[in-house]
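J.: Here you go, protein_20.pdb (PDB, C-alpha atoms, pLDDT in the B column):
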MODEL        1
ATOM      1  CA  MET A   3      -1.097   2.393  -9.074  1.00 44.00           C
ATOM      2  CA  GLY A   4      -2.425   5.490 -10.855  1.00 42.00           C
ATOM      3  CA  THR A   5      -6.092   4.626 -10.324  1.00 41.00           C
ATOM      4  CA  SER A   6      -5.580   3.674  -6.677  1.00 40.00           C
ATOM      5  CA  ARG A   7      -3.702   6.902  -5.965  1.00 41.00           C
ATOM      6  CA  TRP A   8      -6.557   8.930  -7.535  1.00 41.00           C
ATOM      7  CA  LEU A   9      -9.194   7.170  -5.481  1.00 40.00           C
ATOM      8  CA  VAL A  10      -7.258   7.702  -2.255  1.00 37.00           C
ATOM      9  CA  LEU A  11      -6.736  11.372  -3.171  1.00 40.00           C
ATOM     10  CA  PHE A  12     -10.413  11.756  -3.991  1.00 41.00           C
ATOM     11  CA  TYR A  13     -11.399  10.338  -0.616  1.00 40.00           C
ATOM     12  CA  SER A  14      -8.984  12.668   1.134  1.00 41.00           C
ATOM     13  CA  LEU A  15     -10.740  15.543  -0.606  1.00 41.00           C
ATOM     14  CA  LEU A  16     -14.038  14.382   0.808  1.00 40.00           C
ATOM     15  CA  LEU A  17     -12.651  14.212   4.341  1.00 39.00           C
ATOM     16  CA  SER A  18     -11.211  17.726   4.115  1.00 40.00           C
ATOM     17  CA  GLY A  19     -14.438  19.502   3.280  1.00 42.00           C
ATOM     18  CA  THR A  20     -14.786  19.167  -0.439  1.00 41.00           C
ATOM     19  CA  SER A  21     -17.743  20.915  -2.086  1.00 40.00           C
ATOM     20  CA  PHE A  22     -19.297  20.029  -5.415  1.00 42.00           C
ATOM     21  CA  ALA A  23     -20.793  22.302  -8.076  1.00 43.00           C
ATOM     22  CA  THR A  24     -22.598  20.747 -11.003  1.00 43.00           C
ATOM     23  CA  ASN A  25     -23.561  22.360 -14.295  1.00 47.00           C
ATOM     24  CA  SER A  26     -25.963  20.558 -16.556  1.00 45.00           C
ATOM     25  CA  THR A  27     -25.648  20.931 -20.314  1.00 46.00           C
ATOM     26  CA  ASP A  28     -29.465  20.937 -20.401  1.00 49.00           C
ATOM     27  CA  CYS A  29     -30.527  24.601 -20.393  1.00 48.00           C
ATOM     28  CA  SER A  30     -34.062  23.902 -19.176  1.00 49.00           C
ATOM     29  CA  SER A  31     -35.237  26.487 -16.693  1.00 49.00           C
ATOM     30  CA  SER A  32     -37.143  23.952 -14.603  1.00 51.00           C
ATOM     31  CA  PRO A  33     -35.237  22.769 -11.522  1.00 51.00           C
ATOM     32  CA  GLN A  34     -34.039  19.191 -11.378  1.00 54.00           C
ATOM     33  CA  ASP A  35     -33.201  17.081  -8.369  1.00 55.00           C
ATOM     34  CA  LEU A  36     -29.605  15.917  -8.288  1.00 58.00           C
ATOM     35  CA  LYS A  37     -28.499  13.130  -5.974  1.00 60.00           C
ATOM     36  CA  ILE A  38     -24.825  12.432  -5.284  1.00 66.00           C
ATOM     37  CA  THR A  39     -24.081   9.120  -3.568  1.00 62.00           C
ATOM     38  CA  ILE A  40     -20.597   8.419  -2.200  1.00 68.00           C
ATOM     39  CA  LEU A  41     -19.725   4.888  -1.127  1.00 60.00           C
ATOM     40  CA  SER A  42     -16.401   4.263   0.553  1.00 60.00           C
ATOM     41  CA  ARG A  43     -14.560   1.320   2.015  1.00 55.00           C
ATOM     42  CA  ARG A  44     -11.129   0.608   3.447  1.00 49.00           C
ATOM     43  CA  ASN A  45      -9.103  -1.956   1.490  1.00 47.00           C
ATOM     44  CA  LYS A  46      -6.674  -4.514   2.902  1.00 43.00           C
ATOM     45  CA  THR A  47      -3.738  -2.096   2.859  1.00 41.00           C
ATOM     46  CA  GLY A  48      -5.614   0.548   4.873  1.00 44.00           C
ATOM     47  CA  HIS A  49      -6.419   2.847   1.950  1.00 44.00           C
ATOM     48  CA  PHE A  50      -9.904   4.253   1.370  1.00 47.00           C
ATOM     49  CA  ILE A  51     -11.605   3.583  -1.956  1.00 54.00           C
ATOM     50  CA  ALA A  52     -14.504   5.856  -2.917  1.00 58.00           C
ATOM     51  CA  LYS A  53     -17.144   5.494  -5.653  1.00 59.00           C
ATOM     52  CA  VAL A  54     -19.312   8.429  -6.689  1.00 63.00           C
ATOM     53  CA  LYS A  55     -22.737   8.046  -8.310  1.00 61.00           C
ATOM     54  CA  LEU A  56     -24.744  10.963  -9.722  1.00 60.00           C
ATOM     55  CA  GLU A  57     -28.504  10.619 -10.287  1.00 63.00           C
ATOM     56  CA  GLU A  58     -30.809  13.236 -11.782  1.00 61.00           C
ATOM     57  CA  GLY A  59     -34.475  13.273 -10.821  1.00 57.00           C
ATOM     58  CA  SER A  60     -36.578  10.139 -10.496  1.00 52.00           C
ATOM     59  CA  GLU A  61     -36.678   7.243 -12.919  1.00 49.00           C
ATOM     60  CA  GLU A  62     -39.938   8.601 -14.356  1.00 49.00           C
ATOM     61  CA  GLU A  63     -38.347  11.999 -15.030  1.00 50.00           C
ATOM     62  CA  ILE A  64     -35.296  10.700 -16.896  1.00 48.00           C
ATOM     63  CA  THR A  65     -36.201  10.556 -20.598  1.00 52.00           C
ATOM     64  CA  LYS A  66     -32.832  11.179 -22.199  1.00 54.00           C
ATOM     65  CA  LYS A  67     -29.137  10.971 -21.448  1.00 50.00           C
ATOM     66  CA  ARG A  68     -27.551  14.000 -19.864  1.00 57.00           C
ATOM     67  CA  SER A  69     -23.942  14.950 -19.263  1.00 54.00           C
ATOM     68  CA  TRP A  70     -22.630  16.822 -16.244  1.00 51.00           C
ATOM     69  CA  GLU A  71     -19.587  18.858 -15.379  1.00 53.00           C
ATOM     70  CA  VAL A  72     -18.475  18.324 -11.785  1.00 50.00           C
ATOM     71  CA  ASN A  73     -16.214  20.914 -10.206  1.00 51.00           C
ATOM     72  CA  ILE A  74     -14.330  19.966  -7.050  1.00 47.00           C
ATOM     73  CA  ASP A  75     -13.216  22.777  -4.751  1.00 44.00           C
ATOM     74  CA  HIS A  76     -10.623  21.643  -2.245  1.00 39.00           C
ATOM     75  CA  ASP A  77      -9.210  23.555   0.717  1.00 39.00           C
ATOM     76  CA  ALA A  78      -5.802  22.007   1.361  1.00 39.00           C
ATOM     77  CA  THR A  79      -4.517  21.458   4.880  1.00 36.00           C
ATOM     78  CA  CYS A  80      -0.776  21.751   5.333  1.00 38.00           C
ATOM     79  CA  GLU A  81       1.055  18.796   6.866  1.00 39.00           C
ATOM     80  CA  SER A  82       2.227  21.034   9.700  1.00 35.00           C
ATOM     81  CA  ASP A  83      -1.419  21.653  10.674  1.00 34.00           C
ATOM     82  CA  VAL A  84      -1.964  17.992  11.518  1.00 32.00           C
ATOM     83  CA  GLY A  85      -1.920  17.372  15.247  1.00 33.00           C
ATOM     84  CA  PRO A  86       0.792  15.128  16.694  1.00 37.00           C
ATOM     85  CA  SER A  87      -1.658  12.508  17.950  1.00 35.00           C
ATOM     86  CA  GLU A  88      -3.195  12.099  14.473  1.00 42.00           C
ATOM     87  CA  ALA A  89       0.136  12.058  12.638  1.00 49.00           C
ATOM     88  CA  ARG A  90       1.814   9.573  14.971  1.00 48.00           C
ATOM     89  CA  GLU A  91      -0.931   7.012  15.422  1.00 69.00           C
ATOM     90  CA  PRO A  92       0.608   3.629  14.415  1.00 76.00           C
ATOM     91  CA  PRO A  93      -1.287   0.795  12.695  1.00 83.00           C
ATOM     92  CA  ARG A  94      -0.678  -1.494  15.699  1.00 81.00           C
ATOM     93  CA  PRO A  95       1.635  -1.551  18.727  1.00 86.00           C
ATOM     94  CA  GLY A  96       5.258  -2.238  17.874  1.00 90.00           C
ATOM     95  CA  TYR A  97       5.417  -0.041  14.780  1.00 94.00           C
ATOM     96  CA  VAL A  98       8.212   2.525  14.553  1.00 93.00           C
ATOM     97  CA  LEU A  99       7.570   5.886  12.890  1.00 92.00           C
ATOM     98  CA  LEU A 100      10.324   7.108  10.575  1.00 90.00           C
ATOM     99  CA  PRO A 101       9.836  10.766   9.538  1.00 85.00           C
ATOM    100  CA  LYS A 102       8.812  11.203   5.880  1.00 84.00           C
ATOM    101  CA  LEU A 103       8.931   7.426   5.327  1.00 89.00           C
ATOM    102  CA  GLY A 104       6.167   5.792   7.349  1.00 93.00           C
ATOM    103  CA  TYR A 105       5.632   3.121   9.972  1.00 95.00           C
ATOM    104  CA  PHE A 106       7.746  -0.029  10.100  1.00 96.00           C
ATOM    105  CA  LYS A 107       7.661  -3.238  12.127  1.00 96.00           C
ATOM    106  CA  LEU A 108       9.898  -6.295  11.887  1.00 97.00           C
ATOM    107  CA  HIS A 109       8.278  -9.547  12.978  1.00 96.00           C
ATOM    108  CA  ASN A 110      10.919 -11.790  14.519  1.00 95.00           C
ATOM    109  CA  VAL A 111       8.882 -14.920  13.961  1.00 95.00           C
ATOM    110  CA  LYS A 112       9.079 -17.329  11.057  1.00 95.00           C
ATOM    111  CA  LYS A 113       6.134 -17.361   8.660  1.00 97.00           C
ATOM    112  CA  THR A 114       5.605 -18.348   5.043  1.00 98.00           C
ATOM    113  CA  TRP A 115       5.341 -15.502   2.541  1.00 98.00           C
ATOM    114  CA  ASN A 116       1.547 -15.752   2.309  1.00 98.00           C
ATOM    115  CA  GLU A 117       1.175 -15.894   6.086  1.00 98.00           C
ATOM    116  CA  ALA A 118       3.390 -12.825   6.448  1.00 98.00           C
ATOM    117  CA  LYS A 119       1.356 -10.935   3.846  1.00 98.00           C
ATOM    118  CA  LEU A 120      -1.914 -11.646   5.683  1.00 98.00           C
ATOM    119  CA  ILE A 121      -0.480 -10.636   9.064  1.00 97.00           C
ATOM    120  CA  CYS A 122       0.653  -7.256   7.723  1.00 97.00           C
ATOM    121  CA  GLU A 123      -2.749  -6.623   6.149  1.00 97.00           C
ATOM    122  CA  ALA A 124      -4.528  -7.561   9.390  1.00 96.00           C
ATOM    123  CA  GLU A 125      -2.441  -4.897  11.133  1.00 95.00           C
ATOM    124  CA  GLY A 126      -3.510  -2.193   8.681  1.00 94.00           C
ATOM    125  CA  ALA A 127      -0.177  -2.246   6.849  1.00 96.00           C
ATOM    126  CA  HIS A 128       1.357  -4.266   4.006  1.00 97.00           C
ATOM    127  CA  LEU A 129       4.321  -6.556   3.498  1.00 98.00           C
ATOM    128  CA  GLY A 130       7.318  -4.264   3.164  1.00 98.00           C
ATOM    129  CA  ILE A 131       8.678  -3.080  -0.188  1.00 97.00           C
ATOM    130  CA  VAL A 132      12.238  -1.758  -0.236  1.00 97.00           C
ATOM    131  CA  ASN A 133      12.277   1.596  -2.032  1.00 95.00           C
ATOM    132  CA  SER A 134      15.773   2.876  -1.276  1.00 95.00           C
ATOM    133  CA  LYS A 135      19.126   2.208   0.347  1.00 96.00           C
ATOM    134  CA  LYS A 136      17.796   4.176   3.314  1.00 94.00           C
ATOM    135  CA  GLU A 137      14.986   1.671   3.751  1.00 96.00           C
ATOM    136  CA  VAL A 138      17.516  -1.174   3.614  1.00 97.00           C
ATOM    137  CA  GLU A 139      19.326   0.483   6.517  1.00 96.00           C
ATOM    138  CA  ILE A 140      16.055   0.807   8.417  1.00 95.00           C
ATOM    139  CA  VAL A 141      15.317  -2.911   8.087  1.00 96.00           C
ATOM    140  CA  GLN A 142      18.902  -3.739   9.067  1.00 96.00           C
ATOM    141  CA  GLU A 143      18.550  -1.580  12.179  1.00 96.00           C
ATOM    142  CA  LEU A 144      15.232  -3.188  13.127  1.00 96.00           C
ATOM    143  CA  ARG A 145      16.839  -6.619  12.634  1.00 95.00           C
ATOM    144  CA  ALA A 146      19.811  -5.639  14.837  1.00 95.00           C
ATOM    145  CA  ARG A 147      17.482  -4.682  17.703  1.00 94.00           C
ATOM    146  CA  LEU A 148      16.033  -8.185  17.919  1.00 94.00           C
ATOM    147  CA  PRO A 149      17.709 -11.431  19.010  1.00 92.00           C
ATOM    148  CA  LYS A 150      18.757 -14.052  16.489  1.00 90.00           C
ATOM    149  CA  LEU A 151      16.607 -17.016  17.458  1.00 89.00           C
ATOM    150  CA  TYR A 152      17.305 -19.698  14.878  1.00 87.00           C
ATOM    151  CA  GLY A 153      21.052 -19.988  14.346  1.00 89.00           C
ATOM    152  CA  ASN A 154      20.698 -20.379  10.579  1.00 91.00           C
ATOM    153  CA  TRP A 155      19.796 -18.523   7.378  1.00 92.00           C
ATOM    154  CA  ALA A 156      16.390 -17.508   8.812  1.00 90.00           C
ATOM    155  CA  ASP A 157      18.128 -14.996  11.108  1.00 92.00           C
ATOM    156  CA  TYR A 158      19.321 -13.015   8.078  1.00 93.00           C
ATOM    157  CA  HIS A 159      16.430 -13.220   5.610  1.00 97.00           C
ATOM    158  CA  VAL A 160      13.439 -10.889   5.933  1.00 97.00           C
ATOM    159  CA  TYR A 161      10.497 -11.353   3.577  1.00 98.00           C
ATOM    160  CA  THR A 162       9.478  -8.419   1.372  1.00 98.00           C
ATOM    161  CA  GLY A 163       6.318  -7.877  -0.677  1.00 98.00           C
ATOM    162  CA  ILE A 164       7.951  -8.946  -3.949  1.00 98.00           C
ATOM    163  CA  SER A 165       7.529 -12.189  -5.905  1.00 98.00           C
ATOM    164  CA  ASP A 166       7.294 -13.702  -9.383  1.00 97.00           C
ATOM    165  CA  LEU A 167       4.267 -15.824  -8.510  1.00 96.00           C
ATOM    166  CA  GLN A 168       2.220 -14.458 -11.397  1.00 93.00           C
ATOM    167  CA  HIS A 169       4.832 -14.842 -14.137  1.00 93.00           C
ATOM    168  CA  ALA A 170       8.134 -16.690 -13.719  1.00 92.00           C
ATOM    169  CA  ASN A 171      11.146 -14.374 -13.532  1.00 92.00           C
ATOM    170  CA  THR A 172       8.941 -11.282 -13.682  1.00 96.00           C
ATOM    171  CA  TRP A 173       9.450  -9.752 -10.274  1.00 97.00           C
ATOM    172  CA  VAL A 174       6.668  -7.468  -9.084  1.00 98.00           C
ATOM    173  CA  THR A 175       5.412  -6.047  -5.811  1.00 98.00           C
ATOM    174  CA  ILE A 176       2.135  -6.963  -4.133  1.00 98.00           C
ATOM    175  CA  PHE A 177       0.763  -3.865  -5.897  1.00 97.00           C
ATOM    176  CA  GLU A 178       1.881  -5.250  -9.304  1.00 96.00           C
ATOM    177  CA  GLN A 179       4.632  -2.660  -9.620  1.00 97.00           C
ATOM    178  CA  PRO A 180       7.782  -3.877 -11.437  1.00 97.00           C
ATOM    179  CA  LEU A 181      10.785  -4.398  -9.193  1.00 97.00           C
ATOM    180  CA  SER A 182      12.756  -2.013 -11.398  1.00 96.00           C
ATOM    181  CA  ALA A 183      10.340   0.794 -10.475  1.00 96.00           C
ATOM    182  CA  THR A 184      10.554   0.385  -6.685  1.00 96.00           C
ATOM    183  CA  GLY A 185      13.755   2.344  -6.259  1.00 96.00           C
ATOM    184  CA  PHE A 186      15.819  -0.618  -5.051  1.00 97.00           C
ATOM    185  CA  SER A 187      16.524  -3.713  -7.157  1.00 97.00           C
ATOM    186  CA  VAL A 188      19.993  -4.781  -6.019  1.00 97.00           C
ATOM    187  CA  TRP A 189      20.344  -8.575  -6.067  1.00 97.00           C
ATOM    188  CA  ASP A 190      23.110 -10.373  -4.195  1.00 97.00           C
ATOM    189  CA  ASN A 191      25.743 -12.310  -6.137  1.00 95.00           C
ATOM    190  CA  GLY A 192      24.168 -15.306  -7.881  1.00 93.00           C
ATOM    191  CA  GLU A 193      20.658 -14.014  -7.281  1.00 96.00           C
ATOM    192  CA  PRO A 194      17.952 -14.453  -8.345  1.00 95.00           C
ATOM    193  CA  ASP A 195      18.392 -18.195  -8.560  1.00 91.00           C
ATOM    194  CA  VAL A 196      16.527 -18.773 -11.832  1.00 84.00           C
ATOM    195  CA  GLY A 197      15.135 -22.283 -12.196  1.00 78.00           C
ATOM    196  CA  ALA A 198      14.879 -22.973  -8.494  1.00 83.00           C
ATOM    197  CA  ASN A 199      11.476 -23.187  -6.853  1.00 92.00           C
ATOM    198  CA  GLU A 200      12.122 -19.824  -5.169  1.00 96.00           C
ATOM    199  CA  HIS A 201       9.454 -17.320  -6.127  1.00 97.00           C
ATOM    200  CA  CYS A 202       9.451 -14.862  -3.208  1.00 98.00           C
ATOM    201  CA  VAL A 203      11.981 -12.188  -2.350  1.00 98.00           C
ATOM    202  CA  ALA A 204      13.684 -11.581   0.974  1.00 98.00           C
ATOM    203  CA  LEU A 205      16.185  -8.947   2.018  1.00 98.00           C
ATOM    204  CA  HIS A 206      19.439 -10.458   3.274  1.00 97.00           C
ATOM    205  CA  THR A 207      20.082  -8.105   6.187  1.00 96.00           C
ATOM    206  CA  ASP A 208      23.835  -8.781   6.383  1.00 96.00           C
ATOM    207  CA  ALA A 209      24.487  -8.218   2.686  1.00 96.00           C
ATOM    208  CA  GLY A 210      21.801  -5.535   2.303  1.00 97.00           C
ATOM    209  CA  ARG A 211      20.743  -7.174  -0.954  1.00 98.00           C
ATOM    210  CA  LEU A 212      17.852  -9.182  -2.322  1.00 98.00           C
ATOM    211  CA  HIS A 213      17.595 -12.983  -2.383  1.00 97.00           C
ATOM    212  CA  ASN A 214      14.835 -15.140  -3.849  1.00 97.00           C
ATOM    213  CA  ILE A 215      13.707 -17.974  -1.596  1.00 96.00           C
ATOM    214  CA  ALA A 216      10.916 -20.535  -1.561  1.00 97.00           C
ATOM    215  CA  CYS A 217       7.625 -18.887  -0.568  1.00 97.00           C
ATOM    216  CA  THR A 218       6.884 -21.795   1.776  1.00 97.00           C
ATOM    217  CA  SER A 219      10.155 -21.362   3.690  1.00 96.00           C
ATOM    218  CA  PRO A 220       9.336 -19.818   7.089  1.00 96.00           C
ATOM    219  CA  ALA A 221      11.266 -16.579   7.598  1.00 96.00           C
ATOM    220  CA  SER A 222      11.065 -13.270   9.420  1.00 96.00           C
ATOM    221  CA  PHE A 223       9.299 -10.395   7.645  1.00 97.00           C
ATOM    222  CA  TYR A 224       8.622  -6.713   7.923  1.00 97.00           C
ATOM    223  CA  CYS A 225       5.469  -4.661   7.489  1.00 97.00           C
ATOM    224  CA  GLU A 226       5.142  -1.013   6.573  1.00 96.00           C
ATOM    225  CA  ARG A 227       2.517   1.665   6.127  1.00 95.00           C
ATOM    226  CA  GLU A 228       3.202   4.874   4.266  1.00 90.00           C
ATOM    227  CA  LEU A 229       2.299   8.228   5.773  1.00 85.00           C
TER     228      LEU A 229
ENDMDL
END
Any chance you could give the structure as structure tokens?

T.:
Amino acid sequence: MGTSRWLVLFYSLLLSGTSFATNSTDCSSSPQDLKITILSRRNKTGHFIAKVKLEEGSEEEITKKRSWEVNIDHDATCESDVGPSEAREPPRPGYVLLPKLGYFKLHNVKKTWNEAKLICEAEGAHLGIVNSKKEVEIVQELRARLPKLYGNWADYHVYTGISDLQHANTWVTIFEQPLSATGFSVWDNGEPDVGANEHCVALHTDAGRLHNIACTSPASFYCEREL
């Protein structure tokens, strides 16, 4: 996550009016052309990734390796300066904004874990990751607002973005973060069911605890996008 956070921060610097100053270690008095190319793209979770390329002169002029120092001057904008329309714009209709936490949406339709993951990404969000008891309460509240349609276990299990699909019994988020580092790793009694073909994690909204279930079992799910 460290690299991704840096890239997102770097892109935010660019959007806020970042200026660059470069100092060459070559003390030649003759001026040199310096070209800075910035390529950016939005990834599946809605974050911007930026790559910076520095080129000095033309290919004919470059005869030896040079090193550069790049200074980044950033004028920070306080959160309070952001207009309400910009701060409150949801990924898609149906998302609820929770102050200091982000946008949340519970899909009351049964999908497999992979289908749920793709739907969240298509909406500019990601399959939800429980980070605290507070977030458990949020999902429980969203679940309580919607009707129970199925009359079975599917009414109480909400897919999260956690699985052990890569390595058995090693539970990680869709961002490859260990479950123990998410801030909430409370399993229900008897869970996880080791040995069963149940490699994806759902939040049991009645118990407020985690269950592992089969990734192909259709269940409700929730999406989120951080602020």

J.: Evaluating the PyMOL selection byres ((chain A and resi 153-159) around 12) on the displayed file yields which residues, as an MDAnalysis selection string?

T.: chainID A and resid 108:115 141:142 144:146 148:152 160:162 202:216 219:224

J.: How would you write, as a PyMOL selection string, the residues chosen by the PyMOL selection byres ((chain A and resi 179-194) around 10) on this structure?

T.: chain A and resi 3+131-138+164-166+171-178+195-198+200-203+205-206+209-215

J.: What is the CA of Glu226 in chain A to CA of Phe106 in chain A distance in Å?

T.: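 The value is 4.5 Å.
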
J.: Which is closest to Ala170 in chain A among A:Asn199, A:Gly96, A:Gly104, A:Glu143, if we use all atoms listed in the file?

T.: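 The closest residue to Ala170 in chain A is A:Asn199.
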
J.: Which value, in Å to one decimal, gives the distance between CA of Ala127 in chain A and CA of Leu229 in chain A?

T.: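 CA of Leu229 in chain A lies 10.8 Å from CA of Ala127 in chain A.
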
J.: Report, in Å to a single decimal, how far apart CA of Leu167 in chain A and CA of Gly130 in chain A are.

T.: 16.7 Å

J.: Expand the PyMOL selection byres ((chain A and resi 94) around 9) into the individual residues it matches in the shown file, reporting them as a list in words.

T.: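 After applying the PyMOL selection byres ((chain A and resi 94) around 9), what remains is Glu91, Pro92, Pro93, Pro95, Gly96, Tyr97, Glu125, Gly126 and Ala127 of chain A.
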